[in-house]
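Note: the block below is query02.cif and it holds mmCIF, C-alpha atoms.
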```cif
data_work
#
loop_
_atom_site.label_atom_id
_atom_site.label_comp_id
_atom_site.auth_asym_id
_atom_site.auth_seq_id
_atom_site.Cartn_x
_atom_site.Cartn_y
_atom_site.Cartn_z
CA MET A 112 -61.12 -192.76 15.74
CA GLU A 113 -57.40 -192.24 15.94
CA THR A 114 -56.57 -189.03 17.76
CA PRO A 115 -53.16 -187.36 17.39
CA LYS A 116 -52.44 -188.24 21.01
CA ARG A 117 -53.22 -191.90 20.47
CA ARG A 118 -51.14 -191.96 17.28
CA ARG A 119 -48.23 -190.42 19.13
CA SER A 120 -48.46 -193.02 21.84
CA ALA A 121 -48.53 -195.81 19.21
CA THR A 122 -45.44 -194.32 17.55
CA ARG A 123 -43.63 -194.28 20.90
CA ALA A 124 -44.62 -197.87 21.57
CA ARG A 125 -43.36 -199.06 18.18
CA LEU A 126 -40.09 -197.16 18.60
CA LEU A 127 -39.59 -198.71 22.05
CA GLU A 128 -40.30 -202.19 20.70
CA GLY A 129 -37.96 -201.75 17.74
CA ALA A 130 -35.25 -200.35 20.00
CA LEU A 131 -35.34 -203.37 22.31
CA GLU A 132 -34.71 -205.66 19.34
CA VAL A 133 -31.94 -203.55 17.81
CA PHE A 134 -30.20 -203.10 21.18
CA ALA A 135 -30.28 -206.84 21.82
CA GLU A 136 -28.71 -207.52 18.43
CA ARG A 137 -26.10 -204.78 18.26
CA GLY A 138 -25.67 -203.55 21.81
CA PHE A 139 -26.49 -200.12 23.18
CA HIS A 140 -23.43 -198.50 21.61
CA GLY A 141 -23.72 -200.38 18.31
CA ALA A 142 -27.36 -199.42 17.77
CA ALA A 143 -27.73 -196.10 15.91
CA VAL A 144 -30.92 -194.03 16.10
CA GLU A 145 -31.23 -194.70 12.32
CA ASP A 146 -31.27 -198.47 12.94
CA ILE A 147 -34.06 -198.08 15.49
CA CYS A 148 -36.11 -195.88 13.15
CA GLU A 149 -35.68 -198.32 10.28
CA ARG A 150 -36.77 -201.26 12.43
CA ALA A 151 -39.84 -199.41 13.67
CA GLY A 152 -40.66 -197.96 10.24
CA PHE A 153 -40.32 -194.28 11.18
CA THR A 154 -38.15 -191.30 10.28
CA ARG A 155 -35.53 -189.67 12.47
CA GLY A 156 -38.00 -186.82 12.83
CA ALA A 157 -40.52 -189.15 14.48
CA PHE A 158 -37.80 -190.41 16.81
CA TYR A 159 -36.71 -186.97 17.95
CA SER A 160 -40.25 -185.71 18.40
CA ASN A 161 -40.67 -188.53 20.95
CA PHE A 162 -37.25 -188.84 22.56
CA GLY A 163 -34.46 -186.34 23.13
CA SER A 164 -31.75 -188.98 22.75
CA LYS A 165 -30.97 -192.71 22.76
CA ASP A 166 -30.43 -192.45 26.54
CA GLU A 167 -33.90 -190.99 26.97
CA LEU A 168 -35.42 -193.84 24.97
CA VAL A 169 -33.71 -196.46 27.17
CA LEU A 170 -34.95 -194.72 30.30
CA ALA A 171 -38.47 -194.74 28.81
CA LEU A 172 -38.06 -198.50 28.24
CA PHE A 173 -37.09 -198.95 31.91
CA GLU A 174 -40.01 -196.84 33.03
CA ALA A 175 -42.56 -198.74 30.93
CA MET A 176 -41.21 -202.04 32.25
CA THR A 177 -41.14 -201.04 35.91
CA ASP A 178 -44.58 -199.39 35.71
CA ARG A 179 -46.06 -202.61 34.33
CA LEU A 180 -44.34 -204.63 37.03
CA LEU A 181 -45.53 -202.36 39.85
CA GLU A 182 -49.10 -202.49 38.51
CA GLN A 183 -49.01 -206.28 38.48
CA ILE A 184 -47.63 -206.39 42.01
CA THR A 185 -50.25 -203.95 43.24
CA ALA A 186 -52.95 -206.16 41.72
CA LEU A 187 -51.71 -209.10 43.83
CA LEU A 188 -51.75 -207.16 47.08
CA PRO A 189 -55.38 -207.43 48.27
CA GLU A 190 -55.26 -211.21 48.15
CA LEU A 191 -51.72 -211.91 49.32
CA ALA A 192 -50.70 -209.08 51.64
CA THR A 193 -51.31 -211.24 54.70
CA GLN A 194 -49.09 -214.05 53.39
CA PRO A 195 -45.67 -212.43 52.96
CA GLY A 196 -43.96 -215.68 51.82
CA THR A 197 -46.55 -216.40 49.13
CA LEU A 198 -46.53 -212.77 48.03
CA LEU A 199 -42.73 -212.81 47.75
CA ASP A 200 -42.92 -215.93 45.57
CA ALA A 201 -45.54 -214.25 43.39
CA VAL A 202 -43.45 -211.07 43.07
CA LEU A 203 -40.40 -213.12 42.11
CA GLY A 204 -42.51 -214.87 39.48
CA LEU A 205 -43.51 -211.47 38.08
CA LEU A 206 -39.87 -210.37 37.91
CA ASP A 207 -39.20 -213.36 35.64
CA ASP A 208 -42.27 -212.80 33.49
CA ALA A 209 -42.37 -209.00 33.35
CA ALA A 210 -39.97 -208.83 30.41
CA PRO A 211 -41.30 -210.51 27.27
CA ASP A 212 -37.73 -211.55 26.59
CA GLN A 213 -35.37 -211.84 29.60
CA ARG A 214 -32.28 -212.05 27.41
CA GLN A 215 -33.08 -208.82 25.52
CA TRP A 216 -33.99 -207.13 28.76
CA HIS A 217 -30.83 -208.24 30.53
CA LEU A 218 -28.63 -207.09 27.65
CA ILE A 219 -30.10 -203.60 27.42
CA SER A 220 -30.45 -202.93 31.14
CA THR A 221 -26.93 -204.18 31.90
CA GLU A 222 -25.43 -202.27 29.00
CA PHE A 223 -27.13 -199.07 30.03
CA THR A 224 -25.86 -199.53 33.59
CA LEU A 225 -22.31 -199.91 32.24
CA HIS A 226 -22.85 -196.80 30.11
CA ALA A 227 -23.99 -194.95 33.26
CA LEU A 228 -20.76 -195.97 35.03
CA ARG A 229 -18.90 -194.01 32.35
CA SER A 230 -21.35 -191.11 31.90
CA PRO A 231 -22.34 -188.92 34.87
CA GLU A 232 -25.50 -187.63 33.10
CA ALA A 233 -26.69 -191.14 32.30
CA ALA A 234 -25.85 -192.16 35.88
CA ASP A 235 -27.99 -189.33 37.33
CA ALA A 236 -30.95 -190.27 35.16
CA LEU A 237 -30.61 -193.99 35.87
CA ILE A 238 -30.27 -193.43 39.62
CA ARG A 239 -33.42 -191.28 39.60
CA GLN A 240 -35.35 -193.93 37.68
CA ARG A 241 -34.15 -196.79 39.90
CA THR A 242 -34.81 -194.75 43.05
CA VAL A 243 -38.46 -194.22 42.13
CA PHE A 244 -38.85 -197.94 41.39
CA ARG A 245 -37.19 -198.93 44.67
CA GLN A 246 -39.25 -196.44 46.66
CA ARG A 247 -42.48 -197.87 45.32
CA LEU A 248 -41.33 -201.42 46.07
CA THR A 249 -40.27 -200.30 49.54
CA GLU A 250 -43.72 -198.82 50.19
CA LEU A 251 -45.22 -202.16 49.18
CA VAL A 252 -42.95 -204.05 51.58
CA GLU A 253 -43.88 -201.64 54.35
CA GLU A 254 -47.57 -202.06 53.61
CA ILE A 255 -47.22 -205.83 53.72
CA THR A 256 -45.34 -205.85 56.99
CA ARG A 257 -47.98 -203.52 58.48
CA THR A 258 -50.84 -205.71 57.25
CA GLY A 259 -49.14 -208.90 58.47
CA ASP A 260 -48.24 -207.23 61.79
CA LEU A 261 -44.58 -208.01 61.14
CA ARG A 262 -41.53 -206.00 61.96
CA LEU A 263 -38.40 -206.11 59.82
CA SER A 264 -35.01 -206.19 61.53
CA VAL A 265 -33.50 -204.37 58.53
CA PRO A 266 -34.78 -201.27 56.70
CA ALA A 267 -37.33 -202.32 54.03
CA ASP A 268 -35.24 -200.49 51.44
CA GLN A 269 -32.27 -202.76 52.18
CA PHE A 270 -34.38 -205.85 51.62
CA VAL A 271 -35.62 -204.41 48.31
CA ARG A 272 -32.02 -203.71 47.28
CA LEU A 273 -31.13 -207.32 48.08
CA VAL A 274 -34.03 -208.66 46.00
CA ILE A 275 -32.87 -206.56 43.04
CA ALA A 276 -29.22 -207.59 43.50
CA VAL A 277 -30.05 -211.31 43.66
CA HIS A 278 -32.41 -211.03 40.70
CA GLU A 279 -29.90 -209.22 38.50
CA GLY A 280 -26.94 -211.35 39.55
CA ALA A 281 -28.87 -214.61 39.14
CA ARG A 282 -30.22 -213.57 35.73
CA ALA A 283 -26.70 -213.39 34.30
CA GLN A 284 -26.07 -216.97 35.48
CA SER A 285 -29.45 -218.20 34.16
CA LEU A 286 -28.89 -216.72 30.73
CA LEU A 287 -25.37 -218.14 30.50
CA GLU A 288 -26.30 -221.59 31.86
CA PRO A 289 -30.07 -222.01 31.56
CA ASP A 290 -29.99 -225.74 32.37
CA ALA A 291 -27.85 -225.35 35.49
CA VAL A 292 -29.72 -222.27 36.78
CA PRO A 293 -33.39 -222.20 35.71
CA ALA A 294 -34.71 -218.62 35.71
CA GLY A 295 -35.77 -217.62 39.20
CA SER A 296 -34.33 -220.68 40.94
CA LEU A 297 -31.80 -218.89 43.16
CA GLU A 298 -34.33 -216.19 44.07
CA HIS A 299 -37.07 -218.70 44.95
CA THR A 300 -34.68 -220.86 46.98
CA PHE A 301 -32.96 -218.21 49.05
CA LEU A 302 -35.02 -215.00 49.29
CA PRO A 303 -37.84 -216.54 51.37
CA MET A 304 -35.15 -217.64 53.87
CA VAL A 305 -33.95 -214.07 54.14
CA LEU A 306 -37.48 -212.69 54.52
CA ASP A 307 -38.05 -215.22 57.26
CA ALA A 308 -34.79 -214.27 59.00
CA VAL A 309 -35.55 -210.53 58.95
CA SER A 310 -39.23 -210.60 59.96
CA ARG A 311 -40.50 -210.80 63.49
CA PRO A 312 -44.15 -210.85 64.54
CA MET B 379 19.27 -213.13 35.85
CA GLU B 380 16.29 -212.68 33.59
CA THR B 381 15.39 -215.95 31.89
CA PRO B 382 13.26 -216.05 28.70
CA LYS B 383 10.48 -217.67 30.74
CA ARG B 384 10.53 -214.92 33.35
CA ARG B 385 10.61 -212.26 30.65
CA ARG B 386 7.62 -213.86 28.96
CA SER B 387 5.72 -213.89 32.20
CA ALA B 388 6.54 -210.20 32.81
CA THR B 389 5.31 -209.37 29.29
CA ARG B 390 2.04 -211.19 29.93
CA ALA B 391 1.60 -209.38 33.24
CA ARG B 392 2.16 -205.96 31.63
CA LEU B 393 -0.22 -206.77 28.80
CA LEU B 394 -2.89 -207.86 31.30
CA GLU B 395 -2.43 -204.71 33.34
CA GLY B 396 -2.59 -202.46 30.29
CA ALA B 397 -5.65 -204.28 29.00
CA LEU B 398 -7.57 -203.75 32.24
CA GLU B 399 -7.00 -199.98 31.95
CA VAL B 400 -7.89 -199.76 28.27
CA PHE B 401 -11.02 -201.92 28.70
CA ALA B 402 -12.21 -199.75 31.57
CA GLU B 403 -11.78 -196.61 29.46
CA ARG B 404 -13.12 -197.78 26.11
CA GLY B 405 -15.09 -200.94 26.85
CA PHE B 406 -14.35 -204.45 25.65
CA HIS B 407 -15.55 -203.76 22.11
CA GLY B 408 -13.98 -200.32 21.88
CA ALA B 409 -10.51 -201.52 22.97
CA ALA B 410 -8.40 -202.67 20.01
CA VAL B 411 -5.44 -205.03 20.42
CA GLU B 412 -3.29 -202.11 19.15
CA ASP B 413 -4.49 -199.89 22.03
CA ILE B 414 -3.58 -202.54 24.57
CA CYS B 415 -0.12 -203.04 23.02
CA GLU B 416 0.52 -199.30 22.98
CA ARG B 417 -0.50 -198.95 26.65
CA ALA B 418 1.73 -201.85 27.70
CA GLY B 419 4.61 -200.76 25.45
CA PHE B 420 4.72 -203.87 23.27
CA THR B 421 4.20 -204.82 19.63
CA ARG B 422 1.29 -206.79 18.22
CA GLY B 423 3.79 -209.64 17.84
CA ALA B 424 4.34 -209.72 21.60
CA PHE B 425 0.57 -209.75 22.12
CA TYR B 426 -0.09 -212.65 19.78
CA SER B 427 2.81 -214.69 21.08
CA ASN B 428 1.07 -214.52 24.49
CA PHE B 429 -2.65 -214.54 23.64
CA GLY B 430 -4.56 -216.00 20.71
CA SER B 431 -7.19 -213.24 20.81
CA LYS B 432 -8.72 -210.45 22.90
CA ASP B 433 -11.16 -213.03 24.32
CA GLU B 434 -8.26 -215.19 25.45
CA LEU B 435 -6.65 -212.23 27.20
CA VAL B 436 -9.85 -211.45 29.12
CA LEU B 437 -10.15 -215.07 30.20
CA ALA B 438 -6.51 -214.92 31.38
CA LEU B 439 -7.45 -211.80 33.41
CA PHE B 440 -10.34 -213.72 35.01
CA GLU B 441 -8.09 -216.66 35.74
CA ALA B 442 -5.37 -214.55 37.36
CA MET B 443 -7.98 -212.82 39.51
CA THR B 444 -9.78 -215.96 40.63
CA ASP B 445 -6.49 -217.82 41.29
CA ARG B 446 -5.36 -214.99 43.55
CA LEU B 447 -8.70 -214.98 45.35
CA LEU B 448 -8.73 -218.75 45.87
CA GLU B 449 -5.17 -218.65 47.23
CA GLN B 450 -6.13 -215.96 49.72
CA ILE B 451 -9.20 -217.91 50.81
CA THR B 452 -7.16 -221.11 51.21
CA ALA B 453 -4.71 -219.20 53.42
CA LEU B 454 -7.56 -218.25 55.78
CA LEU B 455 -8.83 -221.80 56.11
CA PRO B 456 -6.65 -223.30 58.86
CA GLU B 457 -7.60 -220.55 61.27
CA LEU B 458 -11.24 -219.99 60.39
CA ALA B 459 -12.64 -223.28 59.09
CA THR B 460 -14.35 -224.00 62.41
CA GLN B 461 -16.11 -220.60 62.44
CA PRO B 462 -18.23 -220.61 59.28
CA GLY B 463 -19.77 -217.18 59.96
CA THR B 464 -16.40 -215.49 60.51
CA LEU B 465 -14.93 -217.27 57.50
CA LEU B 466 -17.83 -216.12 55.33
CA ASP B 467 -17.25 -212.52 56.43
CA ALA B 468 -13.55 -212.86 55.64
CA VAL B 469 -14.27 -214.35 52.20
CA LEU B 470 -16.70 -211.50 51.44
CA GLY B 471 -14.00 -209.04 52.46
CA LEU B 472 -11.61 -210.72 50.02
CA LEU B 473 -14.16 -210.47 47.21
CA ASP B 474 -14.19 -206.70 47.72
CA ASP B 475 -10.42 -206.40 47.94
CA ALA B 476 -9.33 -208.98 45.36
CA ALA B 477 -9.61 -206.54 42.48
CA PRO B 478 -7.24 -203.58 42.75
CA ASP B 479 -10.00 -201.52 41.17
CA GLN B 480 -13.60 -202.75 41.59
CA ARG B 481 -14.93 -200.39 38.95
CA GLN B 482 -12.49 -201.55 36.27
CA TRP B 483 -13.11 -205.13 37.24
CA HIS B 484 -16.89 -204.78 37.16
CA LEU B 485 -16.78 -203.10 33.75
CA ILE B 486 -14.63 -205.74 32.08
CA SER B 487 -16.21 -208.81 33.69
CA THR B 488 -19.75 -207.58 32.99
CA GLU B 489 -18.91 -206.60 29.43
CA PHE B 490 -17.33 -209.94 28.72
CA THR B 491 -20.40 -211.70 30.11
CA LEU B 492 -22.60 -209.66 27.75
CA HIS B 493 -20.25 -210.53 24.88
CA ALA B 494 -20.60 -214.22 25.84
CA LEU B 495 -24.40 -213.92 25.65
CA ARG B 496 -23.95 -213.04 21.97
CA SER B 497 -21.01 -215.35 21.11
CA PRO B 498 -21.32 -219.11 21.70
CA GLU B 499 -17.51 -219.60 21.65
CA ALA B 500 -16.96 -216.90 24.27
CA ALA B 501 -19.85 -218.40 26.29
CA ASP B 502 -18.23 -221.86 26.27
CA ALA B 503 -14.90 -220.47 27.43
CA LEU B 504 -16.49 -218.27 30.11
CA ILE B 505 -18.65 -221.10 31.43
CA ARG B 506 -15.60 -223.37 31.66
CA GLN B 507 -13.65 -220.70 33.54
CA ARG B 508 -16.51 -219.91 35.94
CA THR B 509 -17.21 -223.60 36.50
CA VAL B 510 -13.63 -224.24 37.66
CA PHE B 511 -13.84 -221.25 40.02
CA ARG B 512 -17.20 -222.37 41.41
CA GLN B 513 -16.02 -225.95 41.85
CA ARG B 514 -13.05 -224.83 43.90
CA LEU B 515 -15.24 -222.56 46.05
CA THR B 516 -17.72 -225.43 46.45
CA GLU B 517 -14.93 -227.73 47.67
CA LEU B 518 -13.99 -225.09 50.22
CA VAL B 519 -17.58 -224.84 51.45
CA GLU B 520 -17.76 -228.63 51.73
CA GLU B 521 -14.49 -228.72 53.64
CA ILE B 522 -15.76 -226.08 56.05
CA THR B 523 -19.05 -227.83 56.67
CA ARG B 524 -17.16 -231.11 57.30
CA THR B 525 -14.75 -229.45 59.71
CA GLY B 526 -17.53 -227.64 61.54
CA ASP B 527 -19.67 -230.80 61.58
CA LEU B 528 -22.45 -228.92 59.80
CA ARG B 529 -24.87 -230.14 57.18
CA LEU B 530 -26.25 -227.85 54.48
CA SER B 531 -29.91 -228.12 53.55
CA VAL B 532 -29.05 -227.00 49.99
CA PRO B 533 -26.26 -228.23 47.69
CA ALA B 534 -23.03 -226.34 48.46
CA ASP B 535 -22.83 -225.36 44.78
CA GLN B 536 -26.18 -223.54 45.05
CA PHE B 537 -24.94 -221.51 48.02
CA VAL B 538 -21.80 -220.59 46.07
CA ARG B 539 -23.96 -219.51 43.12
CA LEU B 540 -25.99 -217.30 45.46
CA VAL B 541 -22.84 -215.69 46.91
CA ILE B 542 -21.65 -214.87 43.38
CA ALA B 543 -25.08 -213.57 42.32
CA VAL B 544 -25.41 -211.28 45.36
CA HIS B 545 -21.85 -210.06 44.98
CA GLU B 546 -22.21 -209.24 41.29
CA GLY B 547 -25.69 -207.73 41.64
CA ALA B 548 -24.70 -205.66 44.67
CA ARG B 549 -21.52 -204.42 43.02
CA ALA B 550 -23.52 -202.72 40.26
CA GLN B 551 -25.53 -200.86 42.92
CA SER B 552 -22.40 -199.94 44.93
CA LEU B 553 -20.63 -198.53 41.90
CA LEU B 554 -23.67 -196.53 40.84
CA GLU B 555 -24.51 -195.26 44.34
CA PRO B 556 -21.41 -195.67 46.53
CA ASP B 557 -22.84 -193.61 49.40
CA ALA B 558 -26.16 -195.45 49.54
CA VAL B 559 -24.62 -198.91 49.13
CA PRO B 560 -21.08 -199.16 50.55
CA ALA B 561 -19.14 -201.98 48.85
CA GLY B 562 -19.94 -205.29 50.49
CA SER B 563 -22.79 -203.97 52.64
CA LEU B 564 -25.60 -206.10 51.16
CA GLU B 565 -23.41 -209.22 51.18
CA HIS B 566 -22.29 -208.72 54.80
CA THR B 567 -25.83 -208.00 55.97
CA PHE B 568 -27.70 -210.82 54.28
CA LEU B 569 -25.40 -213.73 53.37
CA PRO B 570 -24.65 -214.74 56.98
CA MET B 571 -28.44 -214.99 57.51
CA VAL B 572 -28.68 -217.39 54.57
CA LEU B 573 -25.72 -219.45 55.76
CA ASP B 574 -27.36 -219.68 59.14
CA ALA B 575 -30.70 -220.71 57.59
CA VAL B 576 -29.15 -223.48 55.47
CA SER B 577 -26.76 -225.01 58.04
CA ARG B 578 -27.71 -227.56 60.64
CA PRO B 579 -25.34 -229.08 63.17
#
```
How does this structure look as structure tokens?
Amino acid sequence: METPKRRRSATRARLLEGALEVFAERGFHGAAVEDICERAGFTRGAFYSNFGSKDELVLALFEAMTDRLLEQITALLPELATQPGTLLDAVLGLLDDAAPDQRQWHLISTEFTLHALRSPEAADALIRQRTVFRQRLTELVEEITRTGDLRLSVPADQFVRLVIAVHEGARAQSLLEPDAVPAGSLEHTFLPMVLDAVSRP
Amino acid sequence: METPKRRRSATRARLLEGALEVFAERGFHGAAVEDICERAGFTRGAFYSNFGSKDELVLALFEAMTDRLLEQITALLPELATQPGTLLDAVLGLLDDAAPDQRQWHLISTEFTLHALRSPEAADALIRQRTVFRQRLTELVEEITRTGDLRLSVPADQFVRLVIAVHEGARAQSLLEPDAVPAGSLEHTFLPMVLDAVSRP
């Protein structure tokens, strides 16, 4: 039986899905709340009973994506925590696969970051969201180094920041030149070297 | 004496400078050719006798920036070619300093890359421009490894792609959280480790 709570959650999910498509087509600034509602088949009222603003919807998109990713990583842990190199490869694979559509995801996350560079409120919200994600990844790295009896010569948070920087920078190149830079190729080539260089038994 | 050629070049330079400001304020899509002309103090006629379109102006901005950067790197070569680590640090320093304003530069170059992901013509032009830049950096890396009698275990072009990916990915983090990620910090911490891992005497 469909409860009001479940219906509400389905409405949110459809709005998020519709938004991702509309953003990819028209850009964050070009996509009006009306366009998103039309795509998802809801009224403005349904939108605003779920999200305070377009910014809030994008942050909910980020949260859904990073939650899914963190769950998947956590599921890998029991098996791979003692093999940091293999685990890193698996995590990098998840980064590529986590978004159903890397191009859509790159467009909206990059556009929202640019928006945040011009809007202090959006910046605060984005920094909070990214900080939570990074902290959880950092805890994972720390757990792995403990399990593997490794010590890192750099703070785990710095390594996590590097992984994110390489992933985001490489994704722009992969999307622009998919044949020259297959998705994940720079990450898989170079990040294990860095992990190796910063870990000591 | 001011020749027509010199005047033309001064007009281009003022248009480029004005454009960088207007783009940073209003975004690539929000900045009209009229706004750029007004900022630089020229007519639309002056604009179109220098640039075929807004896209062409942005590509000219990229070219001016990368030419300046490559010149500065080439000037460092005679002294530092035999010290790959020191040279890498110096090149990373130049990447940070090459743009008079990293924020403006990040906004316009990232926005144009997003535009290229939606416009095949812009993508072709951007790929051509970036390819020339990468090829010249790759030649430099090859020259350095020859001089230092080093061999790279990865193609020099891949290392150059990594440097660009880390720089662009890290710049987004630095601009969003300047205190947590000082400009250049991720690059200076991790890229020398990678260079070390991929070079063999």
Report task. Select residues of chain B: the criterion is any atom within 6 Å of an atom of chain A, counting all atoms listed in the file; output as a PyMOL selection string. Result -> chain B and resi 543-544+546-548
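Picked out by the PyMOL selection byres ((chain B and resi 392) around 12) when it runs on this file: Arg385, Arg386, Ser387, Ala388, Thr389, Arg390, Ala391, Leu393, Leu394, Glu395, Gly396, Ala397, Leu398, Glu399, Ile414, Cys415, Glu416, Arg417, Ala418, Gly419, Phe420, Ala424, Phe425, Asn428, Leu435 and Leu439 of chain B.
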Query raised in the report: What is the distance between atom CA of B:Ile451 and atom CA of B:Ser577, in Å to one decimal?
Result: 20.3 Å
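Using all atoms listed in the file, the residues found no farther than 7 Å from stretch 200-211 of chain A, other than those of its own chain fewer than 6 positions away, are Leu180, Ile184, Ala294, Gly295 and His299 of chain A.
Note that the spacing between atom CA of B:Arg446 and atom CA of B:Gln461 amounts to 22.4 Å.
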Query raised in the report: Quick one, how far is atom CA of A:Gln240 from atom CA of A:Phe173?
Result: 7.8 Å
Test item: the PyMOL selection byres ((chain B and resi 524-528) around 7) resolved as an mmCIF file with C-alpha atoms, in the frame of the given file:
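Heads up, here's the output in selection-v1.cif:
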```
data_model
loop_
_atom_site.group_PDB
_atom_site.id
_atom_site.type_symbol
_atom_site.label_atom_id
_atom_site.label_comp_id
_atom_site.auth_asym_id
_atom_site.auth_seq_id
_atom_site.Cartn_x
_atom_site.Cartn_y
_atom_site.Cartn_z
ATOM 1 C CA ALA B 459 -12.640 -223.280 59.090
ATOM 2 C CA THR B 460 -14.350 -224.000 62.410
ATOM 3 C CA GLU B 520 -17.760 -228.630 51.730
ATOM 4 C CA GLU B 521 -14.490 -228.720 53.640
ATOM 5 C CA ILE B 522 -15.760 -226.080 56.050
ATOM 6 C CA THR B 523 -19.050 -227.830 56.670
ATOM 7 C CA ARG B 529 -24.870 -230.140 57.180
ATOM 8 C CA LEU B 530 -26.250 -227.850 54.480
ATOM 9 C CA SER B 577 -26.760 -225.010 58.040
ATOM 10 C CA ARG B 578 -27.710 -227.560 60.640
ATOM 11 C CA PRO B 579 -25.340 -229.080 63.170
#
```
Report summary line: If you count only C-alpha atoms, the residue of B:Glu499, B:Glu434, B:Asp535, B:Asp557 closest to B:Thr516 turns out to be B:Asp535
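Between B:Val436 and the candidates B:Gln480, B:Thr464, B:Ser487, B:Thr421, the tightest atom-to-atom separation, counting all atoms listed in the file, involves B:Ser487.
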Query raised in the report: Counting all atoms listed in the file, what is within 8 Å of A:Leu181, bar same-chain residues fewer than 4 positions away, as number ranges by chain?
Result: A: 177, 185, 247-248
Just to be explicit: take each residue in the selection above, keep C-alpha atoms, and write the result as a PDB file, in the frame of the given file.
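After the write, selection01.pdb holds the following:
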```
ATOM      1  CA  THR A 177     -41.140-201.040  35.910  1.00  0.00           C
ATOM      2  CA  THR A 185     -50.250-203.950  43.240  1.00  0.00           C
ATOM      3  CA  ARG A 247     -42.480-197.870  45.320  1.00  0.00           C
ATOM      4  CA  LEU A 248     -41.330-201.420  46.070  1.00  0.00           C
TER       5      LEU A 248
END
```
Model the absent atoms of stretch 248-263 of chain A so that N, CA and C atoms are present, and write the result as a PDB file, in the coordinates of the input.
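Result went into result24.pdb, see below:
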```pdb
ATOM      1  N   LEU A 248     -41.430-200.050  45.524  1.00  0.00           N
ATOM      2  CA  LEU A 248     -41.330-201.420  46.070  1.00  0.00           C
ATOM      3  C   LEU A 248     -41.209-201.394  47.588  1.00  0.00           C
ATOM      4  N   THR A 249     -40.456-200.417  48.089  1.00  0.00           N
ATOM      5  CA  THR A 249     -40.270-200.300  49.540  1.00  0.00           C
ATOM      6  C   THR A 249     -41.602-200.009  50.231  1.00  0.00           C
ATOM      7  N   GLU A 250     -42.393-199.114  49.628  1.00  0.00           N
ATOM      8  CA  GLU A 250     -43.720-198.820  50.190  1.00  0.00           C
ATOM      9  C   GLU A 250     -44.577-200.089  50.244  1.00  0.00           C
ATOM     10  N   LEU A 251     -44.466-200.903  49.192  1.00  0.00           N
ATOM     11  CA  LEU A 251     -45.220-202.160  49.180  1.00  0.00           C
ATOM     12  C   LEU A 251     -44.779-203.067  50.323  1.00  0.00           C
ATOM     13  N   VAL A 252     -43.466-203.199  50.499  1.00  0.00           N
ATOM     14  CA  VAL A 252     -42.950-204.050  51.580  1.00  0.00           C
ATOM     15  C   VAL A 252     -43.448-203.532  52.923  1.00  0.00           C
ATOM     16  N   GLU A 253     -43.430-202.217  53.082  1.00  0.00           N
ATOM     17  CA  GLU A 253     -43.880-201.640  54.350  1.00  0.00           C
ATOM     18  C   GLU A 253     -45.377-201.897  54.582  1.00  0.00           C
ATOM     19  N   GLU A 254     -46.136-201.808  53.495  1.00  0.00           N
ATOM     20  CA  GLU A 254     -47.570-202.060  53.610  1.00  0.00           C
ATOM     21  C   GLU A 254     -47.825-203.518  54.022  1.00  0.00           C
ATOM     22  N   ILE A 255     -47.050-204.407  53.412  1.00  0.00           N
ATOM     23  CA  ILE A 255     -47.220-205.830  53.720  1.00  0.00           C
ATOM     24  C   ILE A 255     -46.848-206.133  55.169  1.00  0.00           C
ATOM     25  N   THR A 256     -45.745-205.556  55.622  1.00  0.00           N
ATOM     26  CA  THR A 256     -45.340-205.850  56.990  1.00  0.00           C
ATOM     27  C   THR A 256     -46.350-205.265  57.981  1.00  0.00           C
ATOM     28  N   ARG A 257     -46.937-204.087  57.627  1.00  0.00           N
ATOM     29  CA  ARG A 257     -47.980-203.520  58.480  1.00  0.00           C
ATOM     30  C   ARG A 257     -49.190-204.456  58.528  1.00  0.00           C
ATOM     31  N   THR A 258     -49.663-204.850  57.339  1.00  0.00           N
ATOM     32  CA  THR A 258     -50.840-205.710  57.250  1.00  0.00           C
ATOM     33  C   THR A 258     -50.615-207.027  58.003  1.00  0.00           C
ATOM     34  N   GLY A 259     -49.427-207.607  57.845  1.00  0.00           N
ATOM     35  CA  GLY A 259     -49.140-208.900  58.470  1.00  0.00           C
ATOM     36  C   GLY A 259     -48.687-208.749  59.915  1.00  0.00           C
ATOM     37  N   ASP A 260     -48.698-207.491  60.421  1.00  0.00           N
ATOM     38  CA  ASP A 260     -48.240-207.230  61.790  1.00  0.00           C
ATOM     39  C   ASP A 260     -46.828-207.754  62.035  1.00  0.00           C
ATOM     40  N   LEU A 261     -45.972-207.577  61.033  1.00  0.00           N
ATOM     41  CA  LEU A 261     -44.580-208.010  61.140  1.00  0.00           C
ATOM     42  C   LEU A 261     -43.690-206.800  61.350  1.00  0.00           C
ATOM     43  N   ARG A 262     -42.526-207.048  61.962  1.00  0.00           N
ATOM     44  CA  ARG A 262     -41.530-206.000  61.960  1.00  0.00           C
ATOM     45  C   ARG A 262     -40.273-206.516  61.298  1.00  0.00           C
ATOM     46  N   LEU A 263     -39.638-205.691  60.479  1.00  0.00           N
ATOM     47  CA  LEU A 263     -38.400-206.110  59.820  1.00  0.00           C
ATOM     48  C   LEU A 263     -37.217-205.672  60.670  1.00  0.00           C
TER      49      LEU A 263
END
```
